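Before any comments, here is the structure.
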Amino acid sequence: QNGKLILKKSETIERSFNSLIVNNSPHSTVGNSSRKILRLENGWIIFAIRMQESQNFSIKLYIDKNDGDGFVLLGLTGNLISGDFCLSSIGTRIFIMYAATTGVNMYYFDVTSFAVGSTISSANSTFKMITQSLTAVGSVSLCRKSNNGLSAAWTSKSAALPNSFNVQYSESIDFGVNWSTPLQVTNVNTTGSNVNNPVILCLPNGNPQLVLTVNSNTANSVQSYGWNGSNLVLNNTIYQDPNHSQINPTAIVGKNGTIHVSWQGYDAQNPSAYMIRYSNSINDGLNWSTANRLYQGINPSITESSDGNIFIVFERLSNIFYTKNQAPSIQWPEVLIGSGNNPATLDDLNLKYEVPMVVRNTNTNVLF
């Protein structure tokens, strides 16, 4: 009435189901640092898996339009992925960023007008080369900014820094159409030392935040980088252990802007078995809580439900578990989900759930 909207009814839809077999082939959901599953603004769920073809990989996208009750093949790429890939979305437009042999590329398209089951190409999607002329590309990460822009980060080697992997950063302010000239964030150039596993986060204030690992024979740490107005710079060290590797961070921006991070690492108590750890920051990465040492495991993937519960899903001995920090408790009970490897969680603060939504692979299939 009088040009105003009136909410007449609020409805909660409950969903309860066991693991669904989405694909009966041993494809991979590897790559916990970057998002492989997301939920569009219209409620559709999309996830991506990687399949081997000769020396490179291709990506299959699956879509569900009924709150997780039935996935079908949305589309697939050609044999063009040399390593990692990730997903993001704005509205119903989906972005697929991936590591090519000497660069970082992207496809994007509107899901509502895409012919289901088609091969993703420049004929039905927009193709972008974000950067080229690299000598190697490692992990990639992508997030949506509050102004409908995008932030991207990746690790790479270049002619200028040939001995180590380092992080570069680029952003788009026009829905992925144009991308800024990449910024060199780190400048390591020592054989045996590398910056790995970047996770780019988009804060509520519009600034990017970066979590990464530094690994060498004499330094192993998880670090936080924040925006200084012109580049990403070191904010603080989240955790460090000179003698024991710390790898595979996963991070989210939760309620009230809190940054939550989990990763796997060795320590003096368990020098040959990775332990899952967790830390958070309430001031945009400037300070971090003392890391919680949780359970033995690898490949953590973190998410938060709408009621403020923090979930960390991880792998141990080809089984998938989750642990939950139920607000305001500080307890982290361990719960078995089922068999699998390489878990990837859905992160959506609009959803409330008792068990996190996770896609994972086994030796014979892909499960949701």
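Ordering of the structure tokens sets the chain letters (A, B, ...); residue numbers start at 1 within each chain; ligands are numbered from 1 in the order shown.
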
Please identify all polymer residues within 10 Å of A:Cys143, counting only C-alpha atoms, omitting same-chain residues fewer than 5 positions from it, and present them as a PDB file with N, CA, C and O atoms, in the first residue's frame.
```pdb
ATOM      1  N   SER A  34      39.858 -22.493  -1.487  1.00  0.00           N
ATOM      2  CA  SER A  34      38.967 -21.688  -2.320  1.00  0.00           C
ATOM      3  C   SER A  34      37.596 -22.349  -2.383  1.00  0.00           C
ATOM      4  O   SER A  34      37.467 -23.567  -2.267  1.00  0.00           O
ATOM      5  N   ARG A  35      36.565 -21.545  -2.556  1.00  0.00           N
ATOM      6  CA  ARG A  35      35.200 -22.046  -2.525  1.00  0.00           C
ATOM      7  C   ARG A  35      34.850 -22.829  -3.783  1.00  0.00           C
ATOM      8  O   ARG A  35      35.075 -22.375  -4.898  1.00  0.00           O
ATOM      9  N   CYS A  86      38.085 -21.847  -8.529  1.00  0.00           N
ATOM     10  CA  CYS A  86      37.169 -21.427  -7.475  1.00  0.00           C
ATOM     11  C   CYS A  86      35.932 -20.789  -8.085  1.00  0.00           C
ATOM     12  O   CYS A  86      35.905 -20.441  -9.268  1.00  0.00           O
ATOM     13  N   LEU A  87      34.892 -20.630  -7.246  1.00  0.00           N
ATOM     14  CA  LEU A  87      33.619 -20.079  -7.678  1.00  0.00           C
ATOM     15  C   LEU A  87      33.263 -18.849  -6.855  1.00  0.00           C
ATOM     16  O   LEU A  87      33.637 -18.726  -5.693  1.00  0.00           O
ATOM     17  N   SER A  88      32.496 -17.940  -7.465  1.00  0.00           N
ATOM     18  CA  SER A  88      31.823 -16.867  -6.753  1.00  0.00           C
ATOM     19  C   SER A  88      30.592 -16.499  -7.570  1.00  0.00           C
ATOM     20  O   SER A  88      30.390 -16.995  -8.685  1.00  0.00           O
ATOM     21  N   SER A  89      29.742 -15.621  -7.006  1.00  0.00           N
ATOM     22  CA  SER A  89      28.525 -15.254  -7.718  1.00  0.00           C
ATOM     23  C   SER A  89      28.080 -13.860  -7.313  1.00  0.00           C
ATOM     24  O   SER A  89      28.368 -13.376  -6.224  1.00  0.00           O
ATOM     25  N   ILE A  90      27.360 -13.207  -8.224  1.00  0.00           N
ATOM     26  CA  ILE A  90      26.643 -11.965  -7.965  1.00  0.00           C
ATOM     27  C   ILE A  90      25.258 -12.147  -8.553  1.00  0.00           C
ATOM     28  O   ILE A  90      25.111 -12.321  -9.768  1.00  0.00           O
ATOM     29  N   PHE A  95      30.786 -16.996 -11.473  1.00  0.00           N
ATOM     30  CA  PHE A  95      32.149 -16.756 -11.929  1.00  0.00           C
ATOM     31  C   PHE A  95      33.000 -17.988 -11.628  1.00  0.00           C
ATOM     32  O   PHE A  95      32.993 -18.493 -10.507  1.00  0.00           O
ATOM     33  N   GLY A 149      31.366  -5.787  -6.573  1.00  0.00           N
ATOM     34  CA  GLY A 149      32.641  -6.027  -7.234  1.00  0.00           C
ATOM     35  C   GLY A 149      33.185  -7.387  -6.833  1.00  0.00           C
ATOM     36  O   GLY A 149      32.538  -8.165  -6.128  1.00  0.00           O
ATOM     37  N   LEU A 150      34.394  -7.681  -7.283  1.00  0.00           N
ATOM     38  CA  LEU A 150      35.039  -8.959  -6.988  1.00  0.00           C
ATOM     39  C   LEU A 150      36.501  -8.719  -6.625  1.00  0.00           C
ATOM     40  O   LEU A 150      37.145  -7.816  -7.175  1.00  0.00           O
ATOM     41  N   SER A 151      37.005  -9.512  -5.714  1.00  0.00           N
ATOM     42  CA  SER A 151      38.425  -9.511  -5.366  1.00  0.00           C
ATOM     43  C   SER A 151      39.003 -10.880  -5.669  1.00  0.00           C
ATOM     44  O   SER A 151      38.369 -11.903  -5.385  1.00  0.00           O
ATOM     45  N   ALA A 152      40.211 -10.901  -6.230  1.00  0.00           N
ATOM     46  CA  ALA A 152      40.849 -12.156  -6.613  1.00  0.00           C
ATOM     47  C   ALA A 152      42.300 -12.176  -6.152  1.00  0.00           C
ATOM     48  O   ALA A 152      42.983 -11.146  -6.177  1.00  0.00           O
ATOM     49  N   ALA A 153      42.758 -13.342  -5.729  1.00  0.00           N
ATOM     50  CA  ALA A 153      44.158 -13.528  -5.351  1.00  0.00           C
ATOM     51  C   ALA A 153      44.616 -14.895  -5.834  1.00  0.00           C
ATOM     52  O   ALA A 153      43.804 -15.824  -5.957  1.00  0.00           O
ATOM     53  N   GLU A 171      41.267  -6.791  -8.748  1.00  0.00           N
ATOM     54  CA  GLU A 171      39.860  -6.631  -8.410  1.00  0.00           C
ATOM     55  C   GLU A 171      39.083  -6.063  -9.584  1.00  0.00           C
ATOM     56  O   GLU A 171      39.639  -5.446 -10.504  1.00  0.00           O
ATOM     57  N   VAL A 199      43.724 -17.151   0.693  1.00  0.00           N
ATOM     58  CA  VAL A 199      42.261 -17.091   0.817  1.00  0.00           C
ATOM     59  C   VAL A 199      41.887 -15.615   0.842  1.00  0.00           C
ATOM     60  O   VAL A 199      42.215 -14.907   1.795  1.00  0.00           O
ATOM     61  N   ILE A 200      41.237 -15.140  -0.202  1.00  0.00           N
ATOM     62  CA  ILE A 200      40.828 -13.739  -0.250  1.00  0.00           C
ATOM     63  C   ILE A 200      39.427 -13.627   0.342  1.00  0.00           C
ATOM     64  O   ILE A 200      38.531 -14.413   0.033  1.00  0.00           O
ATOM     65  N   LEU A 201      39.256 -12.651   1.231  1.00  0.00           N
ATOM     66  CA  LEU A 201      37.976 -12.400   1.879  1.00  0.00           C
ATOM     67  C   LEU A 201      37.545 -10.964   1.579  1.00  0.00           C
ATOM     68  O   LEU A 201      38.384 -10.070   1.467  1.00  0.00           O
ATOM     69  N   CYS A 202      36.248 -10.747   1.483  1.00  0.00           N
ATOM     70  CA  CYS A 202      35.704  -9.414   1.253  1.00  0.00           C
ATOM     71  C   CYS A 202      34.974  -8.975   2.511  1.00  0.00           C
ATOM     72  O   CYS A 202      33.954  -9.560   2.896  1.00  0.00           O
ATOM     73  N   LEU A 203      35.516  -7.950   3.183  1.00  0.00           N
ATOM     74  CA  LEU A 203      34.964  -7.474   4.439  1.00  0.00           C
ATOM     75  C   LEU A 203      33.715  -6.626   4.211  1.00  0.00           C
ATOM     76  O   LEU A 203      33.505  -6.095   3.115  1.00  0.00           O
ATOM     77  N   PRO A 208      39.416  -5.754   0.910  1.00  0.00           N
ATOM     78  CA  PRO A 208      39.830  -7.151   0.881  1.00  0.00           C
ATOM     79  C   PRO A 208      40.664  -7.511   2.106  1.00  0.00           C
ATOM     80  O   PRO A 208      41.305  -6.650   2.717  1.00  0.00           O
TER      81      PRO A 208
END
```

Item to check | Long-range neighbours of stretch 186-195 of chain A as JSON, numbers by chain, 6 Å cut-off, only C-alpha atoms, 4 positions minimum in chain | outcome: {"A": [161, 163, 164, 165, 166, 167, 213, 214, 215, 216]}

Deliver the residues from the most recent selection as a file, using N, CA and C atoms, as a PDB file, in the first residue's frame.
```pdb
ATOM      1  N   LEU A 161      60.362 -12.991 -10.129  1.00  0.00           N
ATOM      2  CA  LEU A 161      60.501 -13.753  -8.879  1.00  0.00           C
ATOM      3  C   LEU A 161      60.421 -15.246  -9.217  1.00  0.00           C
ATOM      4  N   ASN A 163      62.055 -17.981  -8.199  1.00  0.00           N
ATOM      5  CA  ASN A 163      62.426 -19.055  -7.275  1.00  0.00           C
ATOM      6  C   ASN A 163      61.343 -19.420  -6.270  1.00  0.00           C
ATOM      7  N   SER A 164      60.318 -18.597  -6.133  1.00  0.00           N
ATOM      8  CA  SER A 164      59.310 -18.824  -5.093  1.00  0.00           C
ATOM      9  C   SER A 164      57.923 -18.478  -5.604  1.00  0.00           C
ATOM     10  N   PHE A 165      56.932 -19.162  -5.038  1.00  0.00           N
ATOM     11  CA  PHE A 165      55.548 -18.767  -5.265  1.00  0.00           C
ATOM     12  C   PHE A 165      55.237 -17.558  -4.388  1.00  0.00           C
ATOM     13  N   ASN A 166      54.541 -16.580  -4.977  1.00  0.00           N
ATOM     14  CA  ASN A 166      54.123 -15.370  -4.280  1.00  0.00           C
ATOM     15  C   ASN A 166      52.668 -15.067  -4.611  1.00  0.00           C
ATOM     16  N   VAL A 167      52.082 -14.131  -3.852  1.00  0.00           N
ATOM     17  CA  VAL A 167      50.682 -13.768  -4.033  1.00  0.00           C
ATOM     18  C   VAL A 167      50.564 -12.501  -4.862  1.00  0.00           C
ATOM     19  N   THR A 213      49.670 -18.868   3.877  1.00  0.00           N
ATOM     20  CA  THR A 213      50.717 -19.550   4.631  1.00  0.00           C
ATOM     21  C   THR A 213      52.074 -19.248   4.015  1.00  0.00           C
ATOM     22  N   VAL A 214      53.086 -19.192   4.863  1.00  0.00           N
ATOM     23  CA  VAL A 214      54.478 -19.048   4.440  1.00  0.00           C
ATOM     24  C   VAL A 214      55.211 -20.300   4.898  1.00  0.00           C
ATOM     25  N   ASN A 215      55.877 -20.966   3.969  1.00  0.00           N
ATOM     26  CA  ASN A 215      56.524 -22.238   4.288  1.00  0.00           C
ATOM     27  C   ASN A 215      57.954 -22.256   3.779  1.00  0.00           C
ATOM     28  N   SER A 216      58.876 -22.618   4.675  1.00  0.00           N
ATOM     29  CA  SER A 216      60.284 -22.783   4.323  1.00  0.00           C
ATOM     30  C   SER A 216      60.911 -23.703   5.352  1.00  0.00           C
TER      31      SER A 216
END
```

Next on the checklist: Can you pull out every residue from stretch 168-296 of chain A that DSSP, working from the backbone, puts in strand (DSSP E or B), and format the result as JSON, numbers by chain?
Outcome noted: {"A": [168, 169, 170, 171, 172, 183, 184, 194, 195, 196, 197, 198, 199, 200, 201, 202, 208, 209, 210, 211, 212, 213, 214, 215, 220, 221, 222, 223, 224, 225, 226, 227, 232, 233, 234, 235, 236, 237, 238, 239, 240, 246, 247, 248, 249, 250, 251, 252, 253, 259, 260, 261, 262, 263, 264, 265, 275, 276, 277, 278, 279, 280, 281, 292, 293, 294, 295, 296]}

Next on the checklist: List as a PyMOL selection string the protein and nucleic acid residues near A:Ser58, meaning an atom at most 8 Å away when only C-alpha atoms are counted, but skip any in the same chain fewer than 3 places from it.
Outcome noted: chain A and resi 50-53+76-81

Written selection (N, CA and C atoms) as a PDB file, in the first residue's frame:
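Final file, out04.pdb:
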```pdb
ATOM      1  N   ARG A  50      36.448 -31.399 -10.234  1.00  0.00           N
ATOM      2  CA  ARG A  50      37.525 -31.412 -11.213  1.00  0.00           C
ATOM      3  C   ARG A  50      37.732 -32.832 -11.713  1.00  0.00           C
ATOM      4  N   MET A  51      37.884 -32.989 -13.022  1.00  0.00           N
ATOM      5  CA  MET A  51      38.140 -34.313 -13.577  1.00  0.00           C
ATOM      6  C   MET A  51      39.370 -34.261 -14.461  1.00  0.00           C
ATOM      7  N   GLN A  52      40.156 -35.337 -14.389  1.00  0.00           N
ATOM      8  CA  GLN A  52      41.428 -35.401 -15.106  1.00  0.00           C
ATOM      9  C   GLN A  52      41.196 -35.731 -16.566  1.00  0.00           C
ATOM     10  N   GLU A  53      41.856 -34.980 -17.429  1.00  0.00           N
ATOM     11  CA  GLU A  53      41.873 -35.290 -18.852  1.00  0.00           C
ATOM     12  C   GLU A  53      43.275 -35.008 -19.347  1.00  0.00           C
ATOM     13  N   LEU A  76      30.118 -27.928 -18.305  1.00  0.00           N
ATOM     14  CA  LEU A  76      31.487 -28.365 -18.120  1.00  0.00           C
ATOM     15  C   LEU A  76      32.413 -27.565 -19.017  1.00  0.00           C
ATOM     16  N   THR A  77      33.640 -27.406 -18.555  1.00  0.00           N
ATOM     17  CA  THR A  77      34.634 -26.690 -19.336  1.00  0.00           C
ATOM     18  C   THR A  77      35.413 -27.654 -20.204  1.00  0.00           C
ATOM     19  N   GLY A  78      36.191 -27.106 -21.113  1.00  0.00           N
ATOM     20  CA  GLY A  78      37.110 -27.932 -21.875  1.00  0.00           C
ATOM     21  C   GLY A  78      38.321 -28.313 -21.036  1.00  0.00           C
ATOM     22  N   ASN A  79      39.243 -28.975 -21.665  1.00  0.00           N
ATOM     23  CA  ASN A  79      40.448 -29.465 -20.989  1.00  0.00           C
ATOM     24  C   ASN A  79      41.466 -28.326 -20.905  1.00  0.00           C
ATOM     25  N   LEU A  80      41.251 -27.392 -19.945  1.00  0.00           N
ATOM     26  CA  LEU A  80      42.052 -26.169 -19.942  1.00  0.00           C
ATOM     27  C   LEU A  80      42.559 -25.761 -18.567  1.00  0.00           C
ATOM     28  N   ILE A  81      42.244 -26.516 -17.533  1.00  0.00           N
ATOM     29  CA  ILE A  81      42.619 -26.147 -16.169  1.00  0.00           C
ATOM     30  C   ILE A  81      43.927 -26.829 -15.808  1.00  0.00           C
TER      31      ILE A  81
END
```

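Counting only C-alpha atoms, the residue from A:Asn178, A:Ser141, A:Asp241, A:Pro356 that sits nearest to A:Val211 is A:Ser141.
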
Next on the checklist: With only C-alpha atoms as the counted atoms, please give the residues lying no more than 7 Å from A:Ile252, apart from itself and same-chain residues fewer than 6 positions off, as a PyMOL selection string.
Outcome noted: chain A and resi 201+259-261+302-303

A:Ser262 environment, 6 Å, only C-alpha atoms, sequence neighbours closer than 2 positions dropped, as a short mmCIF file (atom, residue, chain, number, x, y, z; two decimals) with all heavy atoms, in the first residue's frame:
```cif
data_model
loop_
_atom_site.label_atom_id
_atom_site.label_comp_id
_atom_site.auth_asym_id
_atom_site.auth_seq_id
_atom_site.Cartn_x
_atom_site.Cartn_y
_atom_site.Cartn_z
N PRO A 249 44.95 -23.29 4.78
CA PRO A 249 43.98 -22.47 5.52
C PRO A 249 42.64 -22.39 4.81
O PRO A 249 42.55 -22.50 3.59
CB PRO A 249 44.66 -21.11 5.57
CG PRO A 249 45.48 -21.05 4.32
CD PRO A 249 45.99 -22.46 4.12
N THR A 250 41.61 -22.21 5.60
CA THR A 250 40.26 -21.96 5.11
C THR A 250 39.69 -20.83 5.96
O THR A 250 39.92 -20.80 7.18
CB THR A 250 39.39 -23.22 5.19
OG1 THR A 250 38.01 -22.90 4.88
CG2 THR A 250 39.44 -23.85 6.57
N ARG A 277 43.51 -26.64 13.46
CA ARG A 277 43.54 -25.50 14.38
C ARG A 277 42.53 -24.44 13.94
O ARG A 277 42.09 -24.42 12.79
CB ARG A 277 44.95 -24.90 14.45
CG ARG A 277 45.91 -25.72 15.29
CD ARG A 277 47.28 -25.05 15.38
NE ARG A 277 48.08 -25.61 16.46
CZ ARG A 277 48.77 -26.75 16.38
NH1 ARG A 277 48.76 -27.42 15.24
NH2 ARG A 277 49.46 -27.19 17.41
N TYR A 278 42.20 -23.55 14.90
CA TYR A 278 41.21 -22.50 14.65
C TYR A 278 41.61 -21.23 15.38
O TYR A 278 42.10 -21.26 16.51
CB TYR A 278 39.83 -22.95 15.11
CG TYR A 278 38.84 -21.81 15.23
CD1 TYR A 278 38.15 -21.34 14.12
CD2 TYR A 278 38.61 -21.20 16.46
CE1 TYR A 278 37.27 -20.28 14.22
CE2 TYR A 278 37.72 -20.13 16.58
CZ TYR A 278 37.05 -19.68 15.45
OH TYR A 278 36.18 -18.62 15.56
#
```

Item to check | Residue among A:Val222, A:Val177, A:Ala268, A:Ile21 lying closest to A:Asn243, counting only C-alpha atoms | outcome: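 Residue with the minimum atom-to-atom distance to A:Asn243: A:Ala268.
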